[in-house]
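Visitor: File name model06.cif; file contents mmCIF, C-alpha atoms; full text below.
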data_final
loop_
_atom_site.label_atom_id
_atom_site.label_comp_id
_atom_site.auth_asym_id
_atom_site.auth_seq_id
_atom_site.Cartn_x
_atom_site.Cartn_y
_atom_site.Cartn_z
CA MET I 1 119.24 -77.20 4.98
CA GLY I 2 122.02 -76.47 7.48
CA GLN I 3 121.09 -76.99 11.12
CA ALA I 4 122.29 -73.49 12.10
CA LEU I 5 119.94 -71.75 9.71
CA SER I 6 117.09 -74.12 10.55
CA ASN I 7 117.48 -73.22 14.22
CA ALA I 8 117.79 -69.53 13.46
CA VAL I 9 114.43 -69.35 11.72
CA ASP I 10 112.53 -71.33 14.36
CA ASN I 11 111.09 -68.07 15.70
CA ASP I 12 110.01 -66.88 12.27
CA THR I 13 107.03 -68.82 11.05
CA SER I 14 106.05 -66.56 8.18
CA ALA I 15 106.93 -69.62 6.15
CA GLY I 16 104.95 -72.10 8.18
CA ALA I 17 106.27 -75.10 10.06
CA ASP I 18 108.11 -76.84 7.17
CA TYR I 19 111.19 -74.75 6.38
CA GLU I 20 112.79 -77.29 4.08
CA GLN I 21 110.57 -76.25 1.17
CA TYR I 22 111.99 -72.72 1.42
CA ALA I 23 115.67 -73.68 1.75
CA ILE I 24 118.13 -73.09 -1.08
CA GLY I 25 121.42 -74.98 -1.05
CA SER I 26 122.62 -74.34 -4.61
CA ARG I 27 125.67 -72.06 -4.55
CA LEU I 28 124.78 -70.67 -7.97
CA GLU I 29 121.25 -69.76 -6.90
CA ILE I 30 122.44 -68.32 -3.59
CA CYS I 31 124.87 -66.05 -5.45
CA GLN I 32 122.15 -64.96 -7.90
CA ILE I 33 119.84 -63.99 -5.04
CA LEU I 34 122.57 -62.14 -3.12
CA LYS I 35 123.58 -60.27 -6.28
CA GLY I 36 119.93 -59.33 -6.78
CA VAL I 37 119.83 -57.89 -3.26
CA MET I 38 123.05 -55.98 -4.02
CA ARG I 39 121.71 -54.56 -7.32
CA HIS I 40 118.58 -53.30 -5.57
CA ALA I 41 120.67 -51.84 -2.71
CA GLY I 42 118.55 -53.89 -0.32
CA LEU I 43 118.88 -52.92 3.31
CA ILE I 44 120.01 -55.86 5.48
CA THR I 45 119.36 -56.28 9.19
CA ALA I 46 122.40 -58.12 10.55
CA ALA I 47 121.83 -59.57 14.02
CA VAL I 48 124.85 -60.27 16.22
CA GLY I 49 122.53 -61.53 18.96
CA SER I 50 118.87 -61.36 19.84
CA ASP I 51 119.29 -57.82 21.19
CA ASP I 52 122.15 -56.52 19.05
CA PHE I 53 121.81 -55.69 15.35
CA PHE I 54 122.91 -53.16 12.76
CA LEU I 55 121.91 -52.16 9.23
CA THR I 56 124.14 -52.90 6.27
CA THR I 57 124.22 -53.53 2.51
CA ILE I 58 126.04 -55.99 0.26
CA LEU I 59 129.08 -54.42 -1.43
CA ALA I 60 130.31 -57.45 -3.38
CA VAL I 61 129.57 -61.13 -4.05
CA ASP I 62 132.42 -63.31 -5.31
CA ASP I 63 131.11 -66.70 -6.39
CA GLU I 64 134.54 -67.95 -7.55
CA ASP I 65 136.38 -67.38 -4.27
CA GLY I 66 133.23 -67.94 -2.19
CA TYR I 67 132.77 -64.77 -0.16
CA LEU I 68 130.64 -61.65 0.13
CA MET I 69 131.36 -58.17 1.46
CA LEU I 70 129.02 -56.32 3.81
CA GLU I 71 129.32 -52.61 4.52
CA CYS I 72 130.69 -52.22 8.05
CA GLN I 73 132.38 -49.40 9.96
CA HIS I 74 135.46 -50.86 11.61
CA ASP I 75 135.00 -48.72 14.71
CA SER I 76 131.38 -49.83 15.17
CA LYS I 77 130.44 -51.03 18.65
CA HIS I 78 129.16 -54.28 17.09
CA VAL I 79 132.54 -55.32 15.64
CA PRO I 80 134.19 -56.90 18.74
CA ARG I 81 131.16 -59.04 19.55
CA MET I 82 130.54 -60.26 16.00
CA LEU I 83 134.22 -61.10 15.44
CA LYS I 84 134.13 -63.11 18.66
CA ARG I 85 130.89 -64.89 17.77
CA GLN I 86 131.87 -65.33 14.09
CA ARG I 87 128.22 -65.40 13.14
CA LEU I 88 125.62 -62.97 11.78
CA LEU I 89 121.96 -63.71 11.07
CA CYS I 90 120.97 -61.54 8.11
CA ASN I 91 117.45 -60.60 7.02
CA THR I 92 116.41 -58.64 3.94
CA THR I 93 113.82 -58.69 1.15
CA LEU I 94 113.93 -59.17 -2.61
CA ASP I 95 110.80 -58.74 -4.73
CA LYS I 96 108.74 -58.61 -1.51
CA ILE I 97 110.02 -62.02 -0.44
CA LYS I 98 111.94 -62.28 2.82
CA ILE I 99 115.51 -63.53 2.47
CA GLN I 100 117.39 -64.94 5.45
CA PHE I 101 120.93 -66.29 5.64
CA ILE I 102 123.84 -66.73 8.06
CA CYS I 103 127.30 -65.21 7.58
CA GLU I 104 130.30 -66.95 9.14
CA ASP I 105 134.12 -66.75 8.89
CA LEU I 106 133.99 -63.01 9.53
CA ASN I 107 136.95 -60.69 8.99
CA LEU I 108 137.38 -56.94 8.60
CA ALA I 109 138.28 -55.87 5.07
CA ILE I 110 138.28 -53.03 2.55
CA CYS I 111 136.04 -53.13 -0.54
CA ASN I 112 136.23 -50.42 -3.19
CA ASN I 113 137.91 -48.08 -0.68
CA ARG I 114 135.10 -48.67 1.83
CA GLU I 115 135.30 -50.33 5.21
CA ALA I 116 133.68 -53.75 4.99
CA LEU I 117 133.13 -57.11 6.61
CA ARG I 118 134.17 -60.15 4.63
CA ALA I 119 132.22 -63.38 5.17
CA ALA I 120 132.07 -66.79 3.57
CA LEU I 121 129.17 -67.32 1.18
CA PRO I 122 126.19 -68.77 3.08
CA ARG I 123 125.88 -72.54 2.86
CA ASP I 124 122.09 -72.17 2.90
CA LEU I 125 119.62 -69.41 2.17
CA MET I 126 115.94 -69.15 2.99
CA ARG I 127 113.29 -67.55 0.78
CA LEU I 128 110.41 -67.20 3.24
CA GLN I 129 107.10 -66.80 1.48
CA ARG I 130 103.68 -68.05 2.51
CA ARG I 131 102.31 -69.53 -0.69
CA GLU I 132 99.27 -71.02 1.02
CA ASN I 133 97.92 -67.52 1.74
CA TYR I 134 97.70 -65.01 -1.09
CA ARG I 135 99.19 -61.73 0.15
CA ILE I 136 98.42 -58.33 -1.32
CA SER I 137 99.71 -54.85 -0.57
CA THR I 138 97.27 -52.34 0.91
CA PRO I 139 96.70 -48.92 -0.73
CA ILE I 140 99.25 -46.23 0.03
CA ALA I 141 96.87 -43.37 -0.80
CA LYS I 142 94.24 -44.64 1.64
CA PRO I 143 96.17 -46.43 4.41
CA VAL I 144 94.47 -49.28 6.23
CA LYS I 145 94.93 -49.20 9.99
CA CYS I 146 94.88 -51.69 12.80
CA THR I 147 94.88 -51.15 16.55
CA ILE I 148 96.99 -53.44 18.71
CA SER I 149 96.56 -53.55 22.48
CA ILE I 150 99.76 -53.43 24.51
CA PRO I 151 99.28 -54.90 27.99
CA HIS I 152 101.40 -53.55 30.84
CA SER I 153 102.61 -50.63 28.71
CA ASP I 154 103.90 -47.51 30.44
CA LEU I 155 103.27 -45.44 27.31
CA ARG I 156 99.76 -46.34 26.18
CA GLY I 157 97.21 -49.11 26.25
CA SER I 158 97.14 -49.52 22.46
CA VAL I 159 98.87 -48.34 19.32
CA GLU I 160 97.49 -47.65 15.83
CA LEU I 161 99.64 -49.03 13.01
CA THR I 162 99.53 -48.91 9.21
CA LEU I 163 99.12 -52.16 7.27
CA MET I 164 101.62 -52.85 4.49
CA ASP I 165 99.97 -56.04 3.27
CA ILE I 166 97.33 -58.53 4.27
CA SER I 167 96.52 -62.20 3.70
CA CYS I 168 94.08 -64.62 5.24
CA GLY I 169 96.95 -65.85 7.39
CA GLY I 170 98.23 -62.57 8.78
CA ILE I 171 99.28 -58.96 8.30
CA ALA I 172 102.46 -56.94 7.95
CA VAL I 173 102.59 -53.50 9.57
CA LEU I 174 104.97 -50.60 10.03
CA THR I 175 106.04 -50.45 13.66
CA PRO I 176 107.93 -47.27 14.59
CA ALA I 177 110.41 -48.18 17.30
CA ASN I 178 109.25 -45.33 19.53
CA LEU I 179 105.70 -46.70 19.46
CA PHE I 180 105.94 -50.47 19.53
CA LYS I 181 108.68 -53.12 19.58
CA PRO I 182 106.86 -56.47 19.78
CA GLU I 183 108.64 -59.50 21.19
CA LEU I 184 108.63 -62.36 18.70
CA GLY I 185 106.13 -65.02 19.71
CA ALA I 186 104.06 -62.64 21.86
CA GLN I 187 100.30 -62.45 21.27
CA PHE I 188 98.19 -59.28 21.20
CA ASP I 189 94.55 -58.28 20.82
CA CYS I 190 94.09 -56.62 17.45
CA ALA I 191 91.31 -54.67 15.73
CA LEU I 192 91.47 -54.44 11.92
CA HIS I 193 89.81 -51.38 10.41
CA LEU I 194 89.00 -52.51 6.88
CA PRO I 195 87.14 -49.99 4.66
CA GLY I 196 83.36 -50.25 4.77
CA ALA I 197 83.26 -52.83 7.56
CA PRO I 198 83.05 -52.83 11.36
CA ALA I 199 86.33 -53.37 13.18
CA LEU I 200 87.40 -57.02 13.07
CA ARG I 201 88.68 -58.02 16.50
CA THR I 202 91.02 -60.99 16.78
CA ARG I 203 94.36 -62.13 18.24
CA VAL I 204 97.67 -61.89 16.45
CA GLN I 205 101.11 -63.29 17.18
CA ALA I 206 104.37 -61.49 16.30
CA ARG I 207 106.35 -63.73 13.95
CA ASN I 208 109.11 -61.65 12.35
CA ALA I 209 110.62 -58.18 12.26
CA PHE I 210 113.23 -56.48 10.11
CA MET I 211 114.23 -53.06 8.82
CA LEU I 212 113.48 -51.77 5.32
CA ASN I 213 113.77 -48.68 3.14
CA LEU I 214 110.52 -46.82 2.50
CA PRO I 215 109.81 -45.14 -0.88
CA ASN I 216 110.41 -41.74 0.79
CA GLY I 217 113.94 -42.80 1.73
CA LYS I 218 113.23 -43.25 5.43
CA ILE I 219 114.10 -46.40 7.38
CA ALA I 220 111.34 -48.21 9.23
CA GLN I 221 110.69 -51.52 10.96
CA ARG I 222 108.32 -54.00 9.35
CA CYS I 223 106.66 -56.60 11.57
CA GLY I 224 104.72 -59.65 10.49
CA PHE I 225 101.82 -60.96 12.59
CA MET I 226 99.95 -64.24 12.23
CA PHE I 227 96.24 -64.47 13.02
CA VAL I 228 95.43 -66.72 15.98
CA ASP I 229 92.15 -68.70 15.87
CA LEU I 230 90.56 -66.44 13.28
CA ARG I 231 86.77 -66.85 13.26
CA GLN I 232 85.08 -67.89 10.02
CA ASN I 233 83.07 -64.67 9.62
CA MET I 234 86.27 -62.60 9.94
CA LEU I 235 88.02 -64.83 7.43
CA ALA I 236 85.17 -64.25 4.97
CA ALA I 237 85.39 -60.46 5.47
CA MET I 238 89.13 -60.51 4.78
CA GLN I 239 88.66 -62.64 1.69
CA ARG I 240 86.14 -60.11 0.35
CA TYR I 241 88.53 -57.23 1.04
CA ILE I 242 91.48 -59.02 -0.62
CA MET I 243 89.33 -59.81 -3.68
CA SER I 244 88.29 -56.15 -3.84
CA LEU I 245 91.94 -55.02 -3.79
CA GLU I 246 92.77 -57.53 -6.50
CA ARG I 247 89.95 -56.26 -8.73
CA GLN I 248 91.15 -52.67 -8.25
CA ARG I 249 94.68 -53.64 -9.15
CA ASN I 250 93.53 -55.49 -12.27
CA VAL I 251 91.57 -52.44 -13.41
CA ARG I 252 94.67 -50.26 -13.00
CA GLU I 253 96.79 -52.74 -14.95
CA ILE I 254 94.30 -52.84 -17.81
CA GLY I 255 94.19 -49.04 -17.91
CA LYS I 256 97.94 -48.69 -18.36
#
Using the file provided, produce a representation of the structure as structure tokens.
Guide:
Amino acid sequence: MGQALSNAVDNDTSAGADYEQYAIGSRLEICQILKGVMRHAGLITAAVGSDDFFLTTILAVDDEDGYLMLECQHDSKHVPRMLKRQRLLCNTTLDKIKIQFICEDLNLAICNNREALRAALPRDLMRLQRRENYRISTPIAKPVKCTISIPHSDLRGSVELTLMDISCGGIAVLTPANLFKPELGAQFDCALHLPGAPALRTRVQARNAFMLNLPNGKIAQRCGFMFVDLRQNMLAAMQRYIMSLERQRNVREIGK
């Protein structure tokens, strides 16, 4: 894996400490994944720097000439900085798996009569998925909530968030920007409100964040948190809940 991408994902440990097992260096496979993101109109968070990002989509992938096109308004405030840096860190998802890659050799272009940014095909691509912890989506009809304490907050002492998925290693939640913008690596007290059980109180650490399209068409931020020193009784409660969700899903699949 390229050193640049390895360094870029150091703050994102949704894949654990060993990133090499998630790295893809095959140009053919990289193109297939990027074309999959394009077909699904996947929303991409393109970071110019740690505090400067914009949302975009893939307009074209050319595996013969070795470039891709990202949607980009030429008069955007981000353009001067990213052309100077010649580097974008891009995050998106495909089939619920986080995809991360770096775009370099940036130039303004036109693609299908649309303003675009042309970049060289990534040398490496990461598919970040925790295989050691089975992850399952939480019900949409009956949302599962968690409460995260925010120390030194001028707005409130805590915020209630909706879980998107859960595993024995962590949770993913929707984090509206006006409510909560966690700093990666920061730790928070958290209470999980699983159905039919007392609140499970533990510590979580913010590990990743990116934008995504919701089924209703709205754009939201998804944040991943890792459990810190989870006690055994809490782990057992989460395992029971995950098994219950899996049984419910199997029943629905059989009934189709």
Visitor: For the point (95.8, -64.5, 17.0) in file coordinates, what residues are within 10 Å, counting only C-alpha atoms? Give the answer as a ChimeraX atom specification?
Guide: /I:169-170,186-190,201-206,225-230
Visitor: For C-alpha atoms, I'd like the residues from the last selection saved as a PDB file, keeping the file's coordinate frame.
Guide:
ATOM      1  CA  GLY I 169      96.950 -65.850   7.390  1.00  0.00           C
ATOM      2  CA  GLY I 170      98.230 -62.570   8.780  1.00  0.00           C
ATOM      3  CA  ALA I 186     104.060 -62.640  21.860  1.00  0.00           C
ATOM      4  CA  GLN I 187     100.300 -62.450  21.270  1.00  0.00           C
ATOM      5  CA  PHE I 188      98.190 -59.280  21.200  1.00  0.00           C
ATOM      6  CA  ASP I 189      94.550 -58.280  20.820  1.00  0.00           C
ATOM      7  CA  CYS I 190      94.090 -56.620  17.450  1.00  0.00           C
ATOM      8  CA  ARG I 201      88.680 -58.020  16.500  1.00  0.00           C
ATOM      9  CA  THR I 202      91.020 -60.990  16.780  1.00  0.00           C
ATOM     10  CA  ARG I 203      94.360 -62.130  18.240  1.00  0.00           C
ATOM     11  CA  VAL I 204      97.670 -61.890  16.450  1.00  0.00           C
ATOM     12  CA  GLN I 205     101.110 -63.290  17.180  1.00  0.00           C
ATOM     13  CA  ALA I 206     104.370 -61.490  16.300  1.00  0.00           C
ATOM     14  CA  PHE I 225     101.820 -60.960  12.590  1.00  0.00           C
ATOM     15  CA  MET I 226      99.950 -64.240  12.230  1.00  0.00           C
ATOM     16  CA  PHE I 227      96.240 -64.470  13.020  1.00  0.00           C
ATOM     17  CA  VAL I 228      95.430 -66.720  15.980  1.00  0.00           C
ATOM     18  CA  ASP I 229      92.150 -68.700  15.870  1.00  0.00           C
ATOM     19  CA  LEU I 230      90.560 -66.440  13.280  1.00  0.00           C
TER      20      LEU I 230
END
Visitor: Which residue gives the smallest distance to Asp52 in chain I among I:His78, I:Arg27, I:Arg87, I:Lys98, with all atoms listed in the file counted?
Guide: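 Under the stated criterion, the closest residue is I:His78.
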Visitor: Would you mind telling me which residue in I:Ala237, I:Cys103, I:Ala23, I:Ile110 lies nearest to Met126 in chain I when using all atoms listed in the file?
Guide: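 Closest candidate: I:Ala23.
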Visitor: Could you give me, as number ranges by chain, the residues within 8 Å of Asp63 in chain I, counting all atoms listed in the file and dropping anything in the same chain fewer than 4 positions from it?
Guide: I: 27-28, 31, 67, 121
Visitor: Residue by residue, what does the PyMOL selection byres ((chain I and resi 142) around 12) grab here? Present the result as a list in words.
Guide: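 Checked against the file, the PyMOL selection byres ((chain I and resi 142) around 12) matches Ser137, Thr138, Pro139, Ile140, Ala141, Pro143, Val144, Lys145, Thr162, Leu163, Met164, His193, Leu194, Pro195 and Leu245 of chain I.
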Visitor: Determine, counting all atoms listed in the file, which protein, DNA and RNA residues have an atom within 9 Å of an atom of Cys72 in chain I; residues of the same chain fewer than 2 positions away are not included. Present the result as a ChimeraX atom specification.
Guide: /I:55-57,69-70,74-76,79,108-109,114-117
Visitor: Please compute the CA of Cys223 in chain I-CA of Arg118 in chain I distance, one decimal, in Å.
Guide: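 So the answer is 28.6 Å.
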Visitor: Using CA of Ile219 in chain I and CA of Ile102 in chain I as the two end points, give the distance in Å to one decimal.
Guide: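 Computing the Euclidean distance for CA of Ile219 in chain I and CA of Ile102 in chain I yields 22.6 Å.
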Visitor: Hey, what's within 6 Å of Leu192 in chain I if we count only C-alpha atoms and toss same-chain stuff fewer than 3 positions away? As a PDB file with C-alpha atoms, in the frame of the given file, please?
Guide:
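Output file selection.pdb is given in full below:
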ATOM      1  CA  CYS I 146      94.880 -51.690  12.800  1.00  0.00           C
ATOM      2  CA  ALA I 199      86.330 -53.370  13.180  1.00  0.00           C
ATOM      3  CA  LEU I 200      87.400 -57.020  13.070  1.00  0.00           C
TER       4      LEU I 200
END
Visitor: Check the smallest atom-to-atom distance from each of I:Lys218, I:Cys168, I:Phe210, I:Glu246 to Arg231 in chain I using only C-alpha atoms, then report the winner.
Guide: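 When distances to Arg231 in chain I are compared using only C-alpha atoms, the smallest one comes from I:Cys168.
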Visitor: With the cut-off set at 9 Å and counting all atoms listed in the file, tabulate each residue of range 43-152 of chain I with an atom at most that distance from an atom of range 32-39 of chain I, showing the nearest atom pair and its distance in Å to one decimal, ordered by chain and increasing number, as CSV.
Guide:
residue,atom,partner,partner_atom,distance
I:Leu43,CA,I:Val37,CA,8.3
I:Ile44,CA,I:Val37,CA,9.0
I:Thr57,CA,I:Met38,CA,7.1
I:Ile58,CA,I:Met38,CA,5.2
I:Leu59,CA,I:Met38,CA,6.7
I:Ala60,CA,I:Met38,CA,7.4
I:Val61,CA,I:Lys35,CA,6.4
I:Leu68,CA,I:Leu34,CA,8.7
I:Thr92,CA,I:Val37,CA,8.0
I:Thr93,CA,I:Val37,CA,7.5
I:Leu94,CA,I:Val37,CA,6.1
I:Ile99,CA,I:Ile33,CA,8.7
Visitor: For Ala209 in chain I, find every residue with an atom within 10 Å (counting only C-alpha atoms), except residues of its own chain fewer than 5 positions away, and show them as a PyMOL selection string.
Guide: chain I and resi 12+45+91+172-175+181-184+221-225
Visitor: Interatomic distance between CA of Asp124 in chain I and CA of Gly66 in chain I?
Guide: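 A separation of 13.0 Å between them.
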Visitor: Rank nothing, just name the residue among I:Ile171, I:Val48, I:Leu161, I:Ile166 nearest to Met243 in chain I, using all atoms listed in the file.
Guide: I:Ile166
Visitor: Restricting the calculation to all atoms listed in the file, which member of I:Ile136, I:Leu83, I:Leu89, I:Ala41 is positioned closest to Glu71 in chain I?
Guide: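 Of I:Ile136, I:Leu83, I:Leu89, I:Ala41, the one nearest Glu71 in chain I, counting all atoms listed in the file, is I:Ala41.
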Visitor: Expanded to explicit residues, what is the PyMOL selection byres ((chain I and resi 105) around 6) for this file, as a PyMOL selection string?
Guide: chain I and resi 86+104+106+119-120
Visitor: With the file shown as input, list the residues that the PyMOL selection byres ((chain I and resi 24) around 8) selects, as a PDB file with C-alpha atoms, in the coordinates of the input.
Guide:
ATOM      1  CA  MET I   1     119.240 -77.200   4.980  1.00  0.00           C
ATOM      2  CA  TYR I  22     111.990 -72.720   1.420  1.00  0.00           C
ATOM      3  CA  ALA I  23     115.670 -73.680   1.750  1.00  0.00           C
ATOM      4  CA  GLY I  25     121.420 -74.980  -1.050  1.00  0.00           C
ATOM      5  CA  SER I  26     122.620 -74.340  -4.610  1.00  0.00           C
ATOM      6  CA  GLU I  29     121.250 -69.760  -6.900  1.00  0.00           C
ATOM      7  CA  ILE I  30     122.440 -68.320  -3.590  1.00  0.00           C
ATOM      8  CA  ASP I 124     122.090 -72.170   2.900  1.00  0.00           C
ATOM      9  CA  LEU I 125     119.620 -69.410   2.170  1.00  0.00           C
ATOM     10  CA  MET I 126     115.940 -69.150   2.990  1.00  0.00           C
ATOM     11  CA  ARG I 127     113.290 -67.550   0.780  1.00  0.00           C
TER      12      ARG I 127
END
